[in-house]
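Q: Pasting a structure here, questions to come.
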Number of protein chains: 2
Amino acid sequence: MVQNPARRTALTDAAIDVLADQGARGLTFRAVDVRAGVPTGTASNYFASRDDLLDQTARHIHHRLTPDPVVLGGLLRAPRDRALVTALLHDLVRRIDADRSGYLAMLELRLEATRRPELRAQLTAAVREQLEANVAYHLGEGLPGDRETVVVLYLAMTGLLVEHLTLPDVLGADTLPALVDTLAARIVP
Amino acid sequence: MVQNPARRTALTDAAIDVLADQGARGLTFRAVDVRAGVPTGTASNYFASRDDLLDQTARHIHHRLTPDPVVLGGLLRAPRDRALVTALLHDLVRRIDADRSGYLAMLELRLEATRRPELRAQLTAAVREQLEANVAYHLGEGLPGDRETVVVLYLAMTGLLVEHLTLPDVLGADTLPALVDTLAARIVP
């Protein structure tokens, strides 16, 4: 079976769009083929099973939502204070706003994980690793606050992003940056 | 068309279970009939359309997740301090743990709302009304903090509940009460 890395990426990008548009139940090999504009049967050459497709799609979402090292490097020239934490949170919101489908697909996968123990185990490991990396980064860079600060920020940002992406008018779309400032001001010492 | 309130409730309860188990795409009149154990065609006598079914199901979830006035009355005999806010948050977590399907169905509806403007408008109005009622209640009862305190608590609790219900082992299932204490300690003055 010949496989092509660019085509694999195109297929997992298509899977993210299918998840965001149609939900987990809509995610079939055929829907991925149609969305990627490739011949019927292509996805089944790249993924051993639907579980494998879900697994690789989840990994690809984490990859797509990773911070840009250049942007991050620029931000990190500033002093280690609350303003820097706030700037990092604004960067996170910008990345997710630029990739709504990626974050919505991740929410679909979280709900699908309530029905599929293998997917739950894989997402749990990935999300926990990310959270622990955030804690290690925050403490390692000398940003203000402790482990609990990072966990509370993570939970509040999760709530904000779920609200913003699913029912943006509950909080008022144009107050999103102000809400990020509020979260930082209330949670970061 | 003869309608029976108990049967309507049984149908919307069944719709919540279908949403939680199969996602929004699984929610059809036929799936609701099967789940409720009623003759095929019953749901179509109670709901004018699938949008009407989604709308009434959303209202029913809000009703199911409403606090018990007796429990609330008992809690509110305590002094208006951070410990009381913490106790109210623990009561919220208990209610949602006792009705996982209700909260998971609400998350499914939030994702479905990204595809259906009418549902989005209805859920936005319901969730905003609930948030404003929480703010009015908090301030009216003289609980510590201001409007922003309530909004930050709401966002952090939303994040905690999404994490707990979809990937409980990220945070460790047995630390949930400790995390509620942490959120209150860090956010409520």
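Each chain in the structure tokens gets a letter, A, B, ..., in the order shown, and its residues are numbered from 1; ligands are numbered from 1 in order too.
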Check the DSSP output for the backbone and give back, as a ChimeraX atom specification, the residues of range 56-107 of chain B in alpha helix (DSSP H).

A: /B:56-64,69-75,82-97,100-107

Q: Give me a file of those residues, with N, CA, C and O atoms, as a compact mmCIF listing (two decimals), in the first residue's frame.

A:
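New file out-v1.txt:
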```txt
# COMPACT_ATOMS: atom_id res chain seq x y z
N GLN B 56 -38.08 21.92 22.10
CA GLN B 56 -38.73 21.45 23.33
C GLN B 56 -37.77 20.62 24.18
O GLN B 56 -37.85 20.63 25.41
N THR B 57 -36.86 19.90 23.53
CA THR B 57 -35.88 19.11 24.29
C THR B 57 -34.94 20.04 25.05
O THR B 57 -34.63 19.81 26.22
N ALA B 58 -34.50 21.11 24.40
CA ALA B 58 -33.62 22.08 25.08
C ALA B 58 -34.32 22.67 26.31
O ALA B 58 -33.73 22.78 27.39
N ARG B 59 -35.61 23.03 26.15
CA ARG B 59 -36.35 23.58 27.31
C ARG B 59 -36.43 22.55 28.43
O ARG B 59 -36.33 22.88 29.61
N HIS B 60 -36.65 21.30 28.04
CA HIS B 60 -36.80 20.25 29.05
C HIS B 60 -35.48 20.01 29.79
O HIS B 60 -35.49 19.74 30.99
N ILE B 61 -34.34 20.12 29.10
CA ILE B 61 -33.04 19.97 29.77
C ILE B 61 -32.90 21.07 30.83
O ILE B 61 -32.51 20.81 31.97
N HIS B 62 -33.20 22.30 30.46
CA HIS B 62 -33.09 23.39 31.43
C HIS B 62 -33.98 23.11 32.64
O HIS B 62 -33.58 23.34 33.78
N HIS B 63 -35.16 22.61 32.39
CA HIS B 63 -36.07 22.28 33.49
C HIS B 63 -35.47 21.19 34.38
O HIS B 63 -35.48 21.29 35.61
N ARG B 64 -34.91 20.14 33.77
CA ARG B 64 -34.36 19.03 34.55
C ARG B 64 -33.16 19.46 35.39
O ARG B 64 -32.91 18.90 36.46
N PRO B 69 -35.76 23.46 44.97
CA PRO B 69 -35.98 24.61 45.87
C PRO B 69 -35.77 24.25 47.34
O PRO B 69 -35.36 25.10 48.13
N VAL B 70 -36.06 22.99 47.71
CA VAL B 70 -35.89 22.59 49.12
C VAL B 70 -34.40 22.56 49.48
O VAL B 70 -33.98 23.11 50.51
N VAL B 71 -33.58 21.94 48.60
CA VAL B 71 -32.13 21.90 48.83
C VAL B 71 -31.59 23.33 48.89
O VAL B 71 -30.82 23.70 49.79
N LEU B 72 -32.02 24.14 47.92
CA LEU B 72 -31.55 25.52 47.84
C LEU B 72 -31.93 26.31 49.09
O LEU B 72 -31.11 27.02 49.66
N GLY B 73 -33.17 26.14 49.52
CA GLY B 73 -33.64 26.84 50.73
C GLY B 73 -32.81 26.44 51.94
O GLY B 73 -32.46 27.29 52.76
N GLY B 74 -32.47 25.16 52.04
CA GLY B 74 -31.64 24.69 53.16
C GLY B 74 -30.26 25.34 53.13
O GLY B 74 -29.78 25.85 54.15
N LEU B 75 -29.64 25.36 51.94
CA LEU B 75 -28.31 25.94 51.81
C LEU B 75 -28.32 27.42 52.20
O LEU B 75 -27.39 27.92 52.83
N ARG B 82 -17.93 32.87 51.19
CA ARG B 82 -17.39 32.02 50.15
C ARG B 82 -17.76 30.55 50.35
O ARG B 82 -17.97 29.82 49.39
N ALA B 83 -17.89 30.15 51.63
CA ALA B 83 -18.27 28.75 51.90
C ALA B 83 -19.65 28.44 51.34
O ALA B 83 -19.89 27.33 50.83
N LEU B 84 -20.55 29.41 51.39
CA LEU B 84 -21.89 29.19 50.84
C LEU B 84 -21.83 29.09 49.30
O LEU B 84 -22.47 28.21 48.71
N VAL B 85 -21.06 29.96 48.67
CA VAL B 85 -20.91 29.86 47.21
C VAL B 85 -20.34 28.47 46.85
O VAL B 85 -20.82 27.80 45.92
N THR B 86 -19.36 28.01 47.61
CA THR B 86 -18.75 26.70 47.37
C THR B 86 -19.80 25.60 47.49
O THR B 86 -19.87 24.68 46.66
N ALA B 87 -20.65 25.69 48.53
CA ALA B 87 -21.70 24.68 48.72
C ALA B 87 -22.68 24.69 47.55
O ALA B 87 -23.14 23.63 47.10
N LEU B 88 -23.00 25.89 47.03
CA LEU B 88 -23.91 25.97 45.88
C LEU B 88 -23.26 25.33 44.64
O LEU B 88 -23.95 24.66 43.86
N LEU B 89 -21.95 25.52 44.48
CA LEU B 89 -21.26 24.90 43.34
C LEU B 89 -21.24 23.37 43.48
O LEU B 89 -21.44 22.65 42.50
N HIS B 90 -21.03 22.88 44.70
CA HIS B 90 -21.07 21.42 44.91
C HIS B 90 -22.46 20.88 44.59
O HIS B 90 -22.59 19.79 44.04
N ASP B 91 -23.50 21.65 44.94
CA ASP B 91 -24.86 21.19 44.62
C ASP B 91 -25.06 21.11 43.11
O ASP B 91 -25.67 20.17 42.60
N LEU B 92 -24.53 22.10 42.37
CA LEU B 92 -24.61 22.07 40.90
C LEU B 92 -23.93 20.82 40.35
O LEU B 92 -24.48 20.11 39.49
N VAL B 93 -22.72 20.52 40.85
CA VAL B 93 -21.99 19.34 40.37
C VAL B 93 -22.78 18.06 40.69
O VAL B 93 -22.88 17.16 39.85
N ARG B 94 -23.38 18.00 41.87
CA ARG B 94 -24.19 16.82 42.23
C ARG B 94 -25.36 16.65 41.28
O ARG B 94 -25.65 15.55 40.82
N ARG B 95 -26.04 17.76 40.96
CA ARG B 95 -27.20 17.68 40.06
C ARG B 95 -26.78 17.19 38.68
O ARG B 95 -27.45 16.38 38.05
N ILE B 96 -25.64 17.69 38.21
CA ILE B 96 -25.21 17.32 36.86
C ILE B 96 -24.67 15.90 36.84
O ILE B 96 -24.90 15.14 35.89
N ASP B 97 -24.00 15.48 37.93
CA ASP B 97 -23.55 14.09 38.01
C ASP B 97 -24.74 13.13 38.04
O ASP B 97 -24.65 12.01 37.54
N ARG B 100 -26.17 13.10 34.00
CA ARG B 100 -25.13 13.18 32.96
C ARG B 100 -25.74 13.32 31.57
O ARG B 100 -25.29 14.11 30.76
N SER B 101 -26.80 12.53 31.30
CA SER B 101 -27.41 12.57 29.97
C SER B 101 -27.93 13.96 29.65
O SER B 101 -27.82 14.42 28.51
N GLY B 102 -28.52 14.62 30.64
CA GLY B 102 -29.06 15.95 30.41
C GLY B 102 -27.97 16.93 29.98
O GLY B 102 -28.13 17.67 29.02
N TYR B 103 -26.83 16.90 30.70
CA TYR B 103 -25.76 17.85 30.37
C TYR B 103 -25.09 17.48 29.05
O TYR B 103 -24.78 18.35 28.24
N LEU B 104 -24.87 16.18 28.82
CA LEU B 104 -24.27 15.75 27.54
C LEU B 104 -25.19 16.10 26.37
O LEU B 104 -24.72 16.53 25.31
N ALA B 105 -26.50 15.94 26.57
CA ALA B 105 -27.45 16.29 25.51
C ALA B 105 -27.36 17.79 25.21
O ALA B 105 -27.46 18.23 24.06
N MET B 106 -27.17 18.60 26.27
CA MET B 106 -27.03 20.05 26.07
C MET B 106 -25.78 20.36 25.25
O MET B 106 -25.80 21.24 24.37
N LEU B 107 -24.67 19.64 25.50
CA LEU B 107 -23.46 19.85 24.70
C LEU B 107 -23.71 19.45 23.24
O LEU B 107 -23.26 20.13 22.31
```

Q: Residues of chain B were defined as contacting chain A if any atom lay at most 6 Å from it, counting only C-alpha atoms; please report them as a list in words.

A: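 On the chain B side, the interface is Arg110, Thr114, Thr124, Arg128, Leu155, Ala156, Thr158, Gly159, Leu160, Thr166, Leu167 and Val170 of chain B.
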
Q: Take the residues that were just selected and, keeping C-alpha atoms, output them as a PDB file, in the first residue's frame.

A:
```pdb
ATOM      1  CA  ARG B 110     -24.697  23.401  21.449  1.00  0.00           C
ATOM      2  CA  THR B 114     -23.489  25.813  15.106  1.00  0.00           C
ATOM      3  CA  THR B 124     -28.588  31.655  23.306  1.00  0.00           C
ATOM      4  CA  ARG B 128     -28.173  34.036  28.650  1.00  0.00           C
ATOM      5  CA  LEU B 155     -16.915  29.906  32.652  1.00  0.00           C
ATOM      6  CA  ALA B 156     -14.622  27.885  34.943  1.00  0.00           C
ATOM      7  CA  THR B 158     -18.460  25.117  32.340  1.00  0.00           C
ATOM      8  CA  GLY B 159     -14.883  24.057  31.581  1.00  0.00           C
ATOM      9  CA  LEU B 160     -14.804  21.760  34.619  1.00  0.00           C
ATOM     10  CA  THR B 166     -16.217  13.895  28.514  1.00  0.00           C
ATOM     11  CA  LEU B 167     -12.652  13.047  29.676  1.00  0.00           C
ATOM     12  CA  VAL B 170      -7.680  14.225  32.622  1.00  0.00           C
TER      13      VAL B 170
END
```

Q: State, in Å with one decimal place, the distance from CA of His138 in chain B to CA of Val150 in chain B.

A: 7.4 Å

Q: Quick one: pull the distance between CA of Ala133 in chain A and CA of His164 in chain B, Å, one decimal.

A: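 Between these atoms lies a distance of 19.7 Å.
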
Q: For range 76-80 of chain A, please output as an NGL selection string all residues within 8 Å (counting only C-alpha atoms; exclusion window: fewer than 5 positions along the same chain).

A: :A and (85 or 141-144)

Q: What is the CA of Thr42 in chain B-CA of Ala6 in chain B distance in Å, reported with one decimal?

A: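 Atom-to-atom, CA of Thr42 in chain B to CA of Ala6 in chain B, that is 13.1 Å.
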